[in-house]
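Working notes for the structure below.
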Amino acid sequence: MIGDAAHDPTSDHTPHNFPGWGSQIVTAADFPNRPDLGLDAHRVLDDIRRSRDPRVKYGISNGQIYSSYAVSGYGAWDWRPYNPKNGDKHFTHGHLSVVGDARADGTQPWQTIGADVAGEEDDDDMGASFGPITIEREGLTSLTIPPVQGGAADPRSAWLNFCNDTGQPYALRIWYSTGNEGFSPFPGTNGGLLAIRSGQRWSQEIPAGTACLSILRQAIDPDGNIVPPTADFRAFAGHLTCAIERGAVIRK
């Protein structure tokens with residue numbers, strides 16, 4: 001799939017020459033993430049990851065990336081955080097790049113949703129998660145996620161998780177939307193406000209139908225009240241993350 005003019009010329013969406021194989025070849029494709037229509041991009045890419053297909057170079061989905069080779073302390077085929085400079089963490093679509101040689105010409109079927117993977121137990125019934133997801137230091141962190149309990153394609157529940165290892169409390173404002181043009185305070189918070197103590201793990205089920213999360217750092221005043229950041233009361237400026245966990249598929 002050829003990228004538009006905005007794509008980095010080094011991108012796999014840009015045609016490249018591969019000596020001994022071919023010229024002006026594009027080695028990447030994107031596809032929608034629409035669990036509500038039966039296409040869960042993360043699950044497709046994870047099935048391909050587990051299959052260890054020799055055609056694969058890397059896959060990207062839901063703020064995570066894996067590659068068929070080891071990278072920066074992560075083993076081959078291991079999911080790792082994906083934080084691109086352009087901010088596109090691939091929540092709305094999946095990306096698959098193939099190798100730049102004759103292996104990519106293979107016509108064998110891809111091991112995708114529902115397929116058995118040789119040498120592994122089927123883990124479709126198990127939960128899945130994506131993260132860590134970075135909480136921006138300034139402005140909103142807007143997370144578009146596959147709709148929770150989105151129907152037959154992906155009926156699973158999901159949980160939002162934080163764990164504070166900063167050595168001090170921090171505060172957040174968390175809202176959610178089902179895509180109905182409105183936002184509501186996230187359950188388990190105080191009107192959308194949440195303070196997490198150092199060493200505390202916080203987990204809360206995400207309401208059914210949620211398709212977007214809005215997270216904003218807040219400050220804590222000397223009395224322990226959560227307040228908007230000001231020159232006097234600043235939000236925690238260090239690195240913060242969250243993770244979203246999907247529940248197991250219940251077979252009937």
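Identifiers for the structure tokens are assigned positionally: chains receive A, B, ... in sequence, residues are indexed from 1 per chain, and ligands are indexed from 1 in the order shown.
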
(request) May I have the residues within 6 Å of segment 52-67 of chain A as a list in words, using only C-alpha atoms and disregarding those fewer than 2 positions away in the same chain? (result) His42, Arg49, Arg50, Tyr69, Ala76, Trp77, Asp78, Trp79, Arg80, Pro81, Tyr82, Lys89, His90, Phe91, Gly94, His95, Leu96, Ser97, Val98, Val99, Arg103 and Ala104 of chain A

(request) Return as a count of residues only the full set of residues in segment 31-185 of chain A whose backbone-based DSSP assignment is helix (DSSP H, G or I). (result) 18

(request) Quick one: everything within 7 Å of Leu140 of chain A, counting only C-alpha atoms, minus sequence neighbours fewer than 3 positions away in the same chain. Send it as a list in words. (result)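 Contacts, in chain order: Glu136, Ser214, Ile215 and Leu216 of chain A.
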
Please produce a file of the residues just selected, as a PDB file, in the first residue's frame, where the atoms kept are N, CA and C atoms.
```pdb
ATOM      1  N   GLU A 136       0.546  12.132  28.247  1.00  0.00           N
ATOM      2  CA  GLU A 136       1.266  13.332  27.830  1.00  0.00           C
ATOM      3  C   GLU A 136       1.482  14.284  29.006  1.00  0.00           C
ATOM      4  N   SER A 214     -10.181  10.180  27.627  1.00  0.00           N
ATOM      5  CA  SER A 214      -9.540  11.492  27.674  1.00  0.00           C
ATOM      6  C   SER A 214      -8.876  11.641  29.037  1.00  0.00           C
ATOM      7  N   ILE A 215      -7.549  11.750  29.052  1.00  0.00           N
ATOM      8  CA  ILE A 215      -6.789  11.788  30.302  1.00  0.00           C
ATOM      9  C   ILE A 215      -5.954  13.066  30.345  1.00  0.00           C
ATOM     10  N   LEU A 216      -6.036  13.780  31.457  1.00  0.00           N
ATOM     11  CA  LEU A 216      -5.340  15.054  31.610  1.00  0.00           C
ATOM     12  C   LEU A 216      -4.687  15.107  32.987  1.00  0.00           C
TER      13      LEU A 216
END
```

(message) Give me the residues near segment 228-242 of chain A as a list of chain:residue names, where near means some atom within 6 Å (using only C-alpha atoms) and where sequence neighbours in that chain fewer than 6 positions away do not count.
(response)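 Residues meeting the cut-off are A:Pro132, A:Ile133, A:Thr134, A:Ile135, A:Asn161, A:Phe162, A:Tyr170, A:Gln218, A:Ala219.
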
(message) Give me, as a count of residues only, all polymer residues having an atom no more than 9 Å from Gly192 of chain A, counting only C-alpha atoms and skipping those fewer than 2 positions away in the same chain.
(response) 12
